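Here is the structure we will look at, set down as structure tokens.
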Amino acid sequence: MLVRYILTFVILITLPCLLFATNYTVSTKTNLVSKMTAAKPGDTITVSNGNYNWGAITFSNSNGTSTSKWIVLRAETLSGVVFTGNTFLQFGGYHIMVTGFKFANGNSGSDDVIQFRGGSGGISPYAYYCRLNNITIDNYNSDTTGYYLSPPAATNTLNRWVTFYGRHNRMDHCTFINKFNGGPTIAVIYDSANYPIGGYSTFHLIDSNYFKGRGWQGGNQGETIRVGLGSMSNNDGYNIVEHNLFQYGNSTDPEIISNKSNLNTYRYNTFRDLDGGITMRQGRYNTVNGNFIIKTTTSKVRTAQYGIRLIDKGQKVYNNYIEGLDGNYNSLTTSDCPISIYSGQAPAVGYTVPIPGYYSADSCIIAFNTIVNCYGGAGMAIGYNHPNKGVSAPFKPQGIIIANNIISMAKGQAIDVDTSSEVTPITVTVAGITISDSLPVTYFAEGNMYSAPSKLGITNTTGFNSQKLTFGTRANGILPPPSLVSGAAINSINYNSLVGNIDAWGKTRSAPYSVGSIEVNGTGNIVVYPLDSTMVGAGTPLIPLPVSLSSFTGTITNGIASLNWKVENEVSMKEYQLEYSSNGFSFTAVSTVIAKNKAIYSFQNKDISSAKNYYRLKLINKDGSYVYSGIILLSAPEVSANISLYPNPAIGFVTLSASNINPNSHIELTDFRGRCILKQEIVSGITRVNIQGVAVGMCNLALYEGNKRIMGMPFLLGK
């Protein structure tokens, strides 16, 4: 009897779990909406194969959470369910996965084909922690005449194919083909309530997708991906766009990717044989790294193809490989350069409301990029005044850093700098603040190598070294750099925090670094390379994204070394092996930390006896492949002084953490020209330094014992 009661009790308490994981098959819109509205975490709703013209498919589900099992809506087989006619999809809720569907040869009018929200109204429930996977959208245009070949009618309807609302959503392994009408293919939208105070970060991930054949010929509104809105460009996004392939576009809108928010990352994407490029249009402190922008067609007729455009301040551009572009084939008066750094209608100061035009690209860093076989004008241009846009932009970019880049031109000159300045100050009012300025372009250059038929292009050669640059035969999708760039980077250590010891292939750099995007003596496996259509898009293998080591730091206190590291994309990781060396050459494993799908790890090494202690991480994947981190050096406190600072970038005040500081020590803050702008005594402990009134831009903080310089570090002033 007791056994019977126990069995009955077990069945009763487990029955809800069994009921919550149910598979349903539907073949009507009514059943689909009904099942998805009521579905519980773990449920799967399968749509039977067939062609359907269902109009608006709209549902919301309030049963999931950010960590619950997926609620899945899937096609019976990949692309076996084809939506056509005026069908479009809107869904909201938590942890919903939509996978395997195809939208083909349809027309959703002004409605987006897929929305991450359960309706079109502003109060519609948004999607959170949801995923769009293995979706194909092909020729789903508001006018089917094919604007890839002919200009559009003035009444052509604009729409978007996928629109992100909510937060923490992902779109991966999808294919988008032949979008002819206007409106971005993909758009990330922000909440406008009480902007900018009420704006929230979105944290979306857009990865492993294939974009082919963008044909809009109507001017603006032809972006492939737009992240943010000009009217709300001060939102902090923290979105990541990575491992996507863009191919064969012919749009009159030059922006393939258009950034219009702050703190986004665009990395490891491939752009092949298409007009346009990556534009940091509005928004600040974004990162563009590890992208491959390649034109391989033999025609050198001028197109609108360019590499990277920088507008607004604090953008970081590094480890990018740019080959064969001819956007400014015969001209210095176009902005279709491999890399262009813009002047502005107003300077980028403070936390200001957006302007409809341009902010100057102040305090941007362009480092360790490779420009090869490009046909210019110029390979890199600073201070464009938008002559082909009819826009007056008199505020020249300030505080630019150009370091350790390769610029190898097949035609034209290496660099073009606007050396003009206004005779009288230009005055503008931004957010109620009146600003006057007449400064010319200011920049700092070091370690750059160039080769160009028309020479350097500027009279000041500081930081630019002319070399015969002979690249190798194509391997792993690129032209390998000449051996002479090996170890030639200037002040490699100053850029550790920027490049993270990694090159464009994902290999670990060896200090001193190579100039350009590829580390000649890099260690570890090649994990990033130019993509083709077999690697991304619907139906391709779900290859885990390579782990990204965001930071690796350490301190020594009372003889104990504390190591900390932060990772992203920890999908296929097995473990982290911490290795130690007393000389920086011979390393021994001291600990193995199992990967636990979390962002931050730490370890303490308690047996520290050496004055100098070197550490590195071996990041081991489940398949046995591995890469090494960069090497960090920790000195025992009694051996040498040490300082660190935060935040970085800083505004108003910066906090210094100092240890083992000798008497008669002080810090000096210098601007990018080397001028001392602040000097202050310092002792061990925490010191708060007032930097109010100091001009924004890239600076260097140095520690001195008497007149002896002990150490220095770069950091950015101002947001």
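Ordering of the structure tokens sets the chain letters (A, B, ...), residue numbers begin anew at 1 in every chain, and ligands are numbered from 1 in the order given.
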### Task
Find the spatial neighbours of A:Thr687, counting only C-alpha atoms, within a cut-off of 7 Å - ignore same-chain residues fewer than 2 positions away - and output them as a PyMOL selection string.
chain A and resi 655-657+685+689
Residues of stretch 455-570 of chain A in strand (DSSP E or B) according to DSSP, as a PDB file with C-alpha atoms, in the first residue's frame?
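As written to disk, part28.pdb reads:
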```
ATOM      1  CA  PHE A 464      54.684  56.676 -41.909  1.00  0.00           C
ATOM      2  CA  ASN A 465      57.469  54.482 -43.292  1.00  0.00           C
ATOM      3  CA  SER A 466      57.822  53.888 -47.045  1.00  0.00           C
ATOM      4  CA  ALA A 475      46.112  31.654 -48.586  1.00  0.00           C
ATOM      5  CA  ILE A 478      43.754  36.683 -48.114  1.00  0.00           C
ATOM      6  CA  ILE A 502      44.682  38.699 -31.325  1.00  0.00           C
ATOM      7  CA  THR A 508      47.673  35.089 -30.781  1.00  0.00           C
ATOM      8  CA  THR A 523      50.426  31.143 -32.559  1.00  0.00           C
ATOM      9  CA  SER A 548      36.530  35.622 -27.580  1.00  0.00           C
ATOM     10  CA  LEU A 549      38.860  36.547 -24.716  1.00  0.00           C
ATOM     11  CA  SER A 550      37.728  40.031 -23.740  1.00  0.00           C
ATOM     12  CA  SER A 551      40.325  40.567 -21.017  1.00  0.00           C
ATOM     13  CA  PHE A 552      43.083  38.764 -19.086  1.00  0.00           C
ATOM     14  CA  THR A 553      44.470  40.596 -16.072  1.00  0.00           C
ATOM     15  CA  GLY A 554      46.200  39.907 -12.781  1.00  0.00           C
ATOM     16  CA  THR A 555      47.582  41.392  -9.594  1.00  0.00           C
ATOM     17  CA  ILE A 556      49.980  40.276  -6.858  1.00  0.00           C
ATOM     18  CA  THR A 557      49.113  40.991  -3.237  1.00  0.00           C
ATOM     19  CA  ILE A 560      49.448  35.728  -4.020  1.00  0.00           C
ATOM     20  CA  ALA A 561      48.812  36.200  -7.745  1.00  0.00           C
ATOM     21  CA  SER A 562      45.133  36.740  -8.597  1.00  0.00           C
ATOM     22  CA  LEU A 563      44.316  36.067 -12.265  1.00  0.00           C
ATOM     23  CA  ASN A 564      41.041  37.103 -13.885  1.00  0.00           C
ATOM     24  CA  TRP A 565      39.727  36.631 -17.405  1.00  0.00           C
ATOM     25  CA  LYS A 566      36.523  37.475 -19.214  1.00  0.00           C
ATOM     26  CA  VAL A 567      35.199  35.597 -22.272  1.00  0.00           C
ATOM     27  CA  GLU A 568      32.403  35.855 -24.830  1.00  0.00           C
TER      28      GLU A 568
END
```
What are the nearest atom pairs, with distances in Å to one decimal, for all residues of stretch 470-503 of chain A that come at most 12 Å from stretch 320-338 of chain A, using only C-alpha atoms, set out by chain and rising residue number as a Markdown table?
```
| residue | atom | partner | partner_atom | distance |
| --- | --- | --- | --- | --- |
| A:Phe471 | CA | A:Glu323 | CA | 11.5 |
| A:Arg474 | CA | A:Glu323 | CA | 11.6 |
| A:Gly477 | CA | A:Tyr321 | CA | 10.5 |
| A:Ile478 | CA | A:Tyr321 | CA | 8.1 |
| A:Leu479 | CA | A:Glu323 | CA | 8.6 |
| A:Pro480 | CA | A:Tyr321 | CA | 10.5 |
| A:Pro481 | CA | A:Tyr321 | CA | 10.7 |
| A:Val499 | CA | A:Asn320 | CA | 11.0 |
| A:Ile502 | CA | A:Asn320 | CA | 11.8 |
| A:Asp503 | CA | A:Asn320 | CA | 9.0 |
```
### Query
Excluding same-chain residues fewer than 6 positions from stretch 212-228 of chain A, what lies within 6 Å of it counting only C-alpha atoms, as a ChimeraX atom specification?
/A:147-148,151,177-189,247-253,255-261
Could you save the residues just selected, with C-alpha atoms, as a compact mmCIF listing (two decimals), in the first residue's frame?
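Wrote selection_25.txt, looks like this:
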```
# COMPACT_ATOMS: atom_id res chain seq x y z
CA TYR A 147 14.71 47.38 -58.81
CA TYR A 148 18.00 45.62 -59.01
CA PRO A 151 14.95 52.63 -60.98
CA ILE A 177 18.32 37.13 -51.11
CA ASN A 178 17.29 39.81 -53.64
CA LYS A 179 15.84 42.65 -51.61
CA PHE A 180 14.99 45.23 -54.28
CA ASN A 181 12.76 47.72 -52.47
CA GLY A 182 13.71 50.33 -49.90
CA GLY A 183 13.99 49.94 -46.16
CA PRO A 184 16.83 48.20 -44.32
CA THR A 185 16.95 44.44 -44.69
CA ILE A 186 17.58 44.16 -40.94
CA ALA A 187 16.86 46.92 -38.39
CA VAL A 188 17.42 47.26 -34.64
CA ILE A 189 14.84 49.61 -33.09
CA GLN A 247 27.79 39.50 -51.31
CA TYR A 248 26.86 40.96 -54.72
CA GLY A 249 25.02 44.11 -53.77
CA ASN A 250 24.17 46.96 -56.17
CA SER A 251 22.40 49.58 -54.10
CA THR A 252 22.57 53.36 -54.44
CA ASP A 253 22.68 53.61 -50.65
CA GLU A 255 25.84 51.95 -46.31
CA ILE A 256 25.79 48.17 -46.13
CA ILE A 257 26.02 48.42 -42.34
CA SER A 258 24.78 51.68 -40.83
CA ASN A 259 25.45 52.19 -37.13
CA LYS A 260 23.25 54.67 -35.26
CA SER A 261 23.80 53.88 -31.56
```
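Proximity ranking of A:Asn369, A:Asn139, A:Thr427, A:Thr25 relative to A:Ile407 places A:Asn369 first, based on only C-alpha atoms.
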### Task
Would you kindly return, as a list in words, each protein, DNA or RNA residue with an atom no farther than 9 Å from any atom of A:Gly42, considering only C-alpha atoms and excluding same-chain residues fewer than 2 positions away?
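With the cut-off at 9 Å, the set is Phe20, Ala21, Thr22, Asn23, Ala39, Lys40, Thr44, Ser68, Lys69, Trp70, Ile71 and Val72 of chain A.
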Please, could you write that set of residues out with C-alpha atoms as a PDB file, in the first residue's frame?
```pdb
ATOM      1  CA  PHE A  20       4.747  21.025 -20.293  1.00  0.00           C
ATOM      2  CA  ALA A  21       6.837  19.331 -23.021  1.00  0.00           C
ATOM      3  CA  THR A  22       4.388  18.550 -25.821  1.00  0.00           C
ATOM      4  CA  ASN A  23       4.749  18.339 -29.590  1.00  0.00           C
ATOM      5  CA  ALA A  39       2.680  26.868 -25.384  1.00  0.00           C
ATOM      6  CA  LYS A  40       4.787  26.069 -22.320  1.00  0.00           C
ATOM      7  CA  THR A  44       7.389  22.342 -29.997  1.00  0.00           C
ATOM      8  CA  SER A  68      13.441  28.425 -19.360  1.00  0.00           C
ATOM      9  CA  LYS A  69      13.478  25.750 -22.065  1.00  0.00           C
ATOM     10  CA  TRP A  70      12.802  26.941 -25.599  1.00  0.00           C
ATOM     11  CA  ILE A  71       9.280  27.318 -26.926  1.00  0.00           C
ATOM     12  CA  VAL A  72       9.862  26.207 -30.517  1.00  0.00           C
TER      13      VAL A  72
END
```
### Message
Report as a PyMOL selection string all protein, DNA and RNA residues lying within 9 Å of A:Met449, evaluated on only C-alpha atoms, omitting residues in the same chain fewer than 5 positions from it.
### Response
chain A and resi 404-408+463-467+469+485+515-516
Take the selection from the previous step and output its residues with N, CA and C atoms, as a PDB file, in the first residue's frame.
```
ATOM      1  N   ASN A 404      50.405  51.567 -36.825  1.00  0.00           N
ATOM      2  CA  ASN A 404      50.782  50.204 -37.208  1.00  0.00           C
ATOM      3  C   ASN A 404      49.873  49.597 -38.279  1.00  0.00           C
ATOM      4  N   ASN A 405      49.440  50.439 -39.221  1.00  0.00           N
ATOM      5  CA  ASN A 405      48.642  49.977 -40.353  1.00  0.00           C
ATOM      6  C   ASN A 405      49.525  49.738 -41.576  1.00  0.00           C
ATOM      7  N   ILE A 406      49.097  48.842 -42.466  1.00  0.00           N
ATOM      8  CA  ILE A 406      49.693  48.675 -43.789  1.00  0.00           C
ATOM      9  C   ILE A 406      48.775  49.353 -44.807  1.00  0.00           C
ATOM     10  N   ILE A 407      49.358  50.223 -45.628  1.00  0.00           N
ATOM     11  CA  ILE A 407      48.598  50.860 -46.702  1.00  0.00           C
ATOM     12  C   ILE A 407      49.362  50.598 -47.992  1.00  0.00           C
ATOM     13  N   SER A 408      48.910  49.628 -48.784  1.00  0.00           N
ATOM     14  CA  SER A 408      49.584  49.247 -50.025  1.00  0.00           C
ATOM     15  C   SER A 408      48.626  49.500 -51.182  1.00  0.00           C
ATOM     16  N   GLY A 463      55.612  58.982 -38.533  1.00  0.00           N
ATOM     17  CA  GLY A 463      54.716  57.859 -38.280  1.00  0.00           C
ATOM     18  C   GLY A 463      54.395  57.026 -39.492  1.00  0.00           C
ATOM     19  N   PHE A 464      54.941  57.407 -40.670  1.00  0.00           N
ATOM     20  CA  PHE A 464      54.684  56.676 -41.909  1.00  0.00           C
ATOM     21  C   PHE A 464      56.020  56.290 -42.544  1.00  0.00           C
ATOM     22  N   ASN A 465      56.211  55.012 -42.794  1.00  0.00           N
ATOM     23  CA  ASN A 465      57.469  54.482 -43.292  1.00  0.00           C
ATOM     24  C   ASN A 465      57.262  53.873 -44.673  1.00  0.00           C
ATOM     25  N   SER A 466      57.939  54.407 -45.687  1.00  0.00           N
ATOM     26  CA  SER A 466      57.822  53.888 -47.045  1.00  0.00           C
ATOM     27  C   SER A 466      58.596  52.580 -47.174  1.00  0.00           C
ATOM     28  N   GLN A 467      57.931  51.534 -47.715  1.00  0.00           N
ATOM     29  CA  GLN A 467      58.543  50.221 -47.870  1.00  0.00           C
ATOM     30  C   GLN A 467      58.077  49.598 -49.183  1.00  0.00           C
ATOM     31  N   LEU A 469      56.363  46.709 -50.402  1.00  0.00           N
ATOM     32  CA  LEU A 469      55.476  45.733 -49.772  1.00  0.00           C
ATOM     33  C   LEU A 469      55.031  44.707 -50.808  1.00  0.00           C
ATOM     34  N   VAL A 485      57.118  43.027 -42.159  1.00  0.00           N
ATOM     35  CA  VAL A 485      56.226  43.646 -41.171  1.00  0.00           C
ATOM     36  C   VAL A 485      56.333  42.964 -39.814  1.00  0.00           C
ATOM     37  N   VAL A 515      53.134  44.651 -38.028  1.00  0.00           N
ATOM     38  CA  VAL A 515      52.297  45.727 -38.536  1.00  0.00           C
ATOM     39  C   VAL A 515      51.183  45.110 -39.385  1.00  0.00           C
ATOM     40  N   GLY A 516      49.994  45.684 -39.304  1.00  0.00           N
ATOM     41  CA  GLY A 516      48.881  45.196 -40.104  1.00  0.00           C
ATOM     42  C   GLY A 516      47.989  44.234 -39.360  1.00  0.00           C
TER      43      GLY A 516
END
```
### Query
What is the distance between atom CA of A:Gln90 and atom CA of A:Ala56, in Å to one decimal?
7.6 Å
